[in-house]
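Engineer: Right, I'll just put the structure down here and ask away after.
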Amino acid sequence: MKDFITSEIKNENAVLVGLITPEQSEEKVNEYLDELAFLAETAGLVPGKRYVQRLDMPNAVTFVGTGKLQEISEYVLDEDNQVGVVIFDDELSAKQIRNIEKELKIRILDRTSLILDIFAMRAQTSHAKAQVELAQYQYLLPRLTRMWTHLERQRGGGGVIMRGPGETQLETDRRIILDRIARLKNELKDIDKQKTVQRKNRGKLVRAALVGYTNVGKSTLMNLLSKSEVFAENKLFATLDTTVRKVTIENL
């Protein structure tokens, strides 16, 4: 059983933040924010107020400008609004997250961390769980400087992690993560070998794949073709794992 790193925020009001840049039009930003709201709902959040700012590029320190951040802060800190989390429609650096949290005094998520949360909720097979856990640790590693995380509670297996001579908590956590990443990569290699053998055992069967963006109806189409009951739901990333079914087509 994998112990995923999750934000543990359910049924909380979420504020969404996006940027209009020379490379990203207002129409496109609104489209992305609509998708971000759908992602938030999938994660069990309640998307509400949106903030959009026009900048030449994201602010390296706070993503949005200081004035816009102050505007967001006033809304977030108003207890009547009951905001539990602010989600930024981009990937934030450790520096940006640290500075934004200092100003807003609330939990901050970016698009990547939100999606990883959803992946952790949806992963069912050992393959999917290992892939998600690996992605989470790879995302976490460069952000350790702003997190105080006792990873002994996150890792699989029992035993006690001993801190090396002269190691700080940050160095210890970094070492634990790197060790876990290495083990997960080896685990995934073993799973891939097993899948290769399984594919060979299918012999000369014709194989077809349903490929498409999330929530476009792949599972629904699979059910129609194979007369099976693959889980399907109108949510982003409702199913993560690869599904294989045998289909018999008459007169072929």
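A note on labels: chains of the structure tokens are A, B, ... as shown, every chain counts residues from 1, and ligands are counted from 1 in their shown order.
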Contacts of Gln138 of chain A at 12 Å or less, counting only C-alpha atoms, minus same-chain residues fewer than 3 places along, as a PyMOL selection string?

Structural biologist: chain A and resi 5+112-113+116+131-135+141-144+174+177-182+184-185

Engineer: So that I have them on file, write out the residues from the current selection with N, CA and C atoms, as an mmCIF file, in the first residue's frame.

Structural biologist:
data_model
loop_
_atom_site.group_PDB
_atom_site.id
_atom_site.type_symbol
_atom_site.label_atom_id
_atom_site.label_comp_id
_atom_site.auth_asym_id
_atom_site.auth_seq_id
_atom_site.Cartn_x
_atom_site.Cartn_y
_atom_site.Cartn_z
ATOM 1 N N ILE A 5 1.421 11.541 -0.948
ATOM 2 C CA ILE A 5 1.466 12.874 -0.368
ATOM 3 C C ILE A 5 0.238 13.613 -0.887
ATOM 4 N N THR A 112 0.087 21.617 -11.228
ATOM 5 C CA THR A 112 0.741 20.310 -11.158
ATOM 6 C C THR A 112 0.421 19.585 -9.859
ATOM 7 N N SER A 113 0.532 20.270 -8.732
ATOM 8 C CA SER A 113 0.268 19.613 -7.448
ATOM 9 C C SER A 113 -1.193 19.196 -7.331
ATOM 10 N N LEU A 116 -1.555 16.016 -9.408
ATOM 11 C CA LEU A 116 -0.937 14.891 -8.702
ATOM 12 C C LEU A 116 -1.821 14.414 -7.553
ATOM 13 N N GLN A 131 3.834 4.909 -10.308
ATOM 14 C CA GLN A 131 4.067 6.047 -11.202
ATOM 15 C C GLN A 131 3.678 7.359 -10.528
ATOM 16 N N VAL A 132 2.541 7.367 -9.853
ATOM 17 C CA VAL A 132 2.083 8.582 -9.180
ATOM 18 C C VAL A 132 3.022 8.954 -8.039
ATOM 19 N N GLU A 133 3.411 7.970 -7.251
ATOM 20 C CA GLU A 133 4.301 8.252 -6.125
ATOM 21 C C GLU A 133 5.639 8.791 -6.619
ATOM 22 N N LEU A 134 6.149 8.217 -7.713
ATOM 23 C CA LEU A 134 7.401 8.703 -8.293
ATOM 24 C C LEU A 134 7.248 10.157 -8.745
ATOM 25 N N ALA A 135 6.154 10.461 -9.426
ATOM 26 C CA ALA A 135 5.912 11.830 -9.893
ATOM 27 C C ALA A 135 5.806 12.799 -8.720
ATOM 28 N N LEU A 141 10.949 17.139 -4.605
ATOM 29 C CA LEU A 141 12.388 17.264 -4.357
ATOM 30 C C LEU A 141 12.917 18.694 -4.456
ATOM 31 N N PRO A 142 12.671 19.431 -5.562
ATOM 32 C CA PRO A 142 13.217 20.793 -5.640
ATOM 33 C C PRO A 142 12.495 21.797 -4.748
ATOM 34 N N ARG A 143 11.420 21.371 -4.081
ATOM 35 C CA ARG A 143 10.640 22.285 -3.244
ATOM 36 C C ARG A 143 10.834 22.030 -1.757
ATOM 37 N N LEU A 144 11.795 21.193 -1.417
ATOM 38 C CA LEU A 144 12.008 20.857 -0.012
ATOM 39 C C LEU A 144 12.408 22.060 0.829
ATOM 40 N N ARG A 174 15.978 14.983 1.855
ATOM 41 C CA ARG A 174 16.439 14.871 0.471
ATOM 42 C C ARG A 174 16.991 13.468 0.204
ATOM 43 N N ILE A 177 14.116 10.963 -0.035
ATOM 44 C CA ILE A 177 13.408 11.088 -1.308
ATOM 45 C C ILE A 177 14.204 10.451 -2.439
ATOM 46 N N LEU A 178 15.498 10.747 -2.511
ATOM 47 C CA LEU A 178 16.330 10.190 -3.579
ATOM 48 C C LEU A 178 16.363 8.670 -3.507
ATOM 49 N N ASP A 179 16.445 8.122 -2.293
ATOM 50 C CA ASP A 179 16.419 6.664 -2.129
ATOM 51 C C ASP A 179 15.085 6.091 -2.592
ATOM 52 N N ARG A 180 14.010 6.782 -2.229
ATOM 53 C CA ARG A 180 12.683 6.299 -2.610
ATOM 54 C C ARG A 180 12.483 6.382 -4.120
ATOM 55 N N ILE A 181 12.972 7.442 -4.751
ATOM 56 C CA ILE A 181 12.873 7.582 -6.202
ATOM 57 C C ILE A 181 13.599 6.433 -6.888
ATOM 58 N N ALA A 182 14.791 6.105 -6.407
ATOM 59 C CA ALA A 182 15.568 5.007 -6.995
ATOM 60 C C ALA A 182 14.814 3.686 -6.869
ATOM 61 N N LEU A 184 11.551 3.241 -6.531
ATOM 62 C CA LEU A 184 10.356 3.269 -7.375
ATOM 63 C C LEU A 184 10.702 3.036 -8.840
ATOM 64 N N LYS A 185 11.810 3.600 -9.297
ATOM 65 C CA LYS A 185 12.227 3.383 -10.684
ATOM 66 C C LYS A 185 12.529 1.916 -10.930
#

Engineer: Neighbours of Glu41 of chain A within 12 Å (only C-alpha atoms; same-chain residues fewer than 2 positions away dropped), as a list in words?

Structural biologist: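 Using only C-alpha atoms, the neighbours found are Ile9, Lys10, Asn11, Glu12, Asn13, Ala14, Asp34, Glu35, Leu36, Ala37, Phe38, Leu39, Ala43, Gly44, Leu45, Val46, Pro47, Gly48, Leu114, Ile115, Ile118, Asn234, Lys235, Leu236, Phe237 and Ala238 of chain A.
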
Engineer: Name all residues at most 10 Å from Val61 of chain A (count only C-alpha atoms; drop same-chain ones fewer than 2 positions away) and give them as a count of residues only.

Structural biologist: 15

Engineer: From a DSSP calculation on the backbone, collect every residue of segment 2-226 of chain A in helix (DSSP H, G or I) and output the set as a PyMOL selection string.

Structural biologist: chain A and resi 26-42+66-76+79-81+94-104+111-122+126-146+151-153+169-201+218-226

Engineer: Please run DSSP on the backbone and report, as number ranges by chain, all residues within segment 45-142 of chain A that come out as strand (DSSP E).

Structural biologist: A: 46-54, 83-88, 107-110

Engineer: Save out the residues we just selected, C-alpha atoms, as a PDB file, in the first residue's frame.

Structural biologist:
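Below you can see selection38.pdb, which holds the result:
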ATOM      1  CA  VAL A  46     -15.422  24.171  -4.437  1.00  0.00           C
ATOM      2  CA  PRO A  47     -14.005  26.599  -7.038  1.00  0.00           C
ATOM      3  CA  GLY A  48     -15.223  30.158  -6.701  1.00  0.00           C
ATOM      4  CA  LYS A  49     -13.595  33.577  -7.066  1.00  0.00           C
ATOM      5  CA  ARG A  50     -11.143  34.033  -9.955  1.00  0.00           C
ATOM      6  CA  TYR A  51      -8.320  36.522 -10.356  1.00  0.00           C
ATOM      7  CA  VAL A  52      -6.674  37.246 -13.703  1.00  0.00           C
ATOM      8  CA  GLN A  53      -3.840  39.698 -14.360  1.00  0.00           C
ATOM      9  CA  ARG A  54      -2.154  40.834 -17.561  1.00  0.00           C
ATOM     10  CA  VAL A  83     -11.410  30.410   1.495  1.00  0.00           C
ATOM     11  CA  GLY A  84      -9.416  27.244   2.183  1.00  0.00           C
ATOM     12  CA  VAL A  85      -6.961  27.164  -0.710  1.00  0.00           C
ATOM     13  CA  VAL A  86      -5.661  29.293  -3.596  1.00  0.00           C
ATOM     14  CA  ILE A  87      -4.806  27.483  -6.849  1.00  0.00           C
ATOM     15  CA  PHE A  88      -2.491  28.998  -9.464  1.00  0.00           C
ATOM     16  CA  ARG A 107      -2.521  26.715   1.562  1.00  0.00           C
ATOM     17  CA  ILE A 108      -1.233  27.206  -1.989  1.00  0.00           C
ATOM     18  CA  LEU A 109      -1.508  24.725  -4.855  1.00  0.00           C
ATOM     19  CA  ASP A 110      -0.363  24.988  -8.444  1.00  0.00           C
TER      20      ASP A 110
END

Engineer: Which residue gives the smallest distance to Leu210 of chain A among A:Thr62, A:Ser228, A:Thr243, A:Gln70, with only C-alpha atoms counted?

Structural biologist: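 Nearest to Leu210 of chain A: A:Thr243.
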
Engineer: Could you state the separation of atom CA of Gly18 of chain A and atom CA of Leu55 of chain A in Å, given to one decimal place?

Structural biologist: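 Value for the atom CA of Gly18 of chain A-atom CA of Leu55 of chain A distance: 10.4 Å.
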
Engineer: Go through A:Asp89, A:Asp241, A:Glu103, A:Glu229 one by one, measure the shortest atom-to-atom distance of each to Ala40 of chain A using only C-alpha atoms, and give the residue with the smallest value.

Structural biologist: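 Of all the options, A:Asp89 lies closest to Ala40 of chain A.
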
Engineer: Check the smallest atom-to-atom distance from each of A:Asp192, A:Asp80, A:Glu233, A:Thr21 to Val216 of chain A using only C-alpha atoms, then report the winner.

Structural biologist: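 Of A:Asp192, A:Asp80, A:Glu233, A:Thr21, the one nearest Val216 of chain A, counting only C-alpha atoms, is A:Glu233.
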
Engineer: In Å to one decimal, how far is atom CA of His127 of chain A from atom CA of Glu187 of chain A?

Structural biologist: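 Result for atom CA of Glu187 of chain A versus atom CA of His127 of chain A: 8.6 Å, one decimal.
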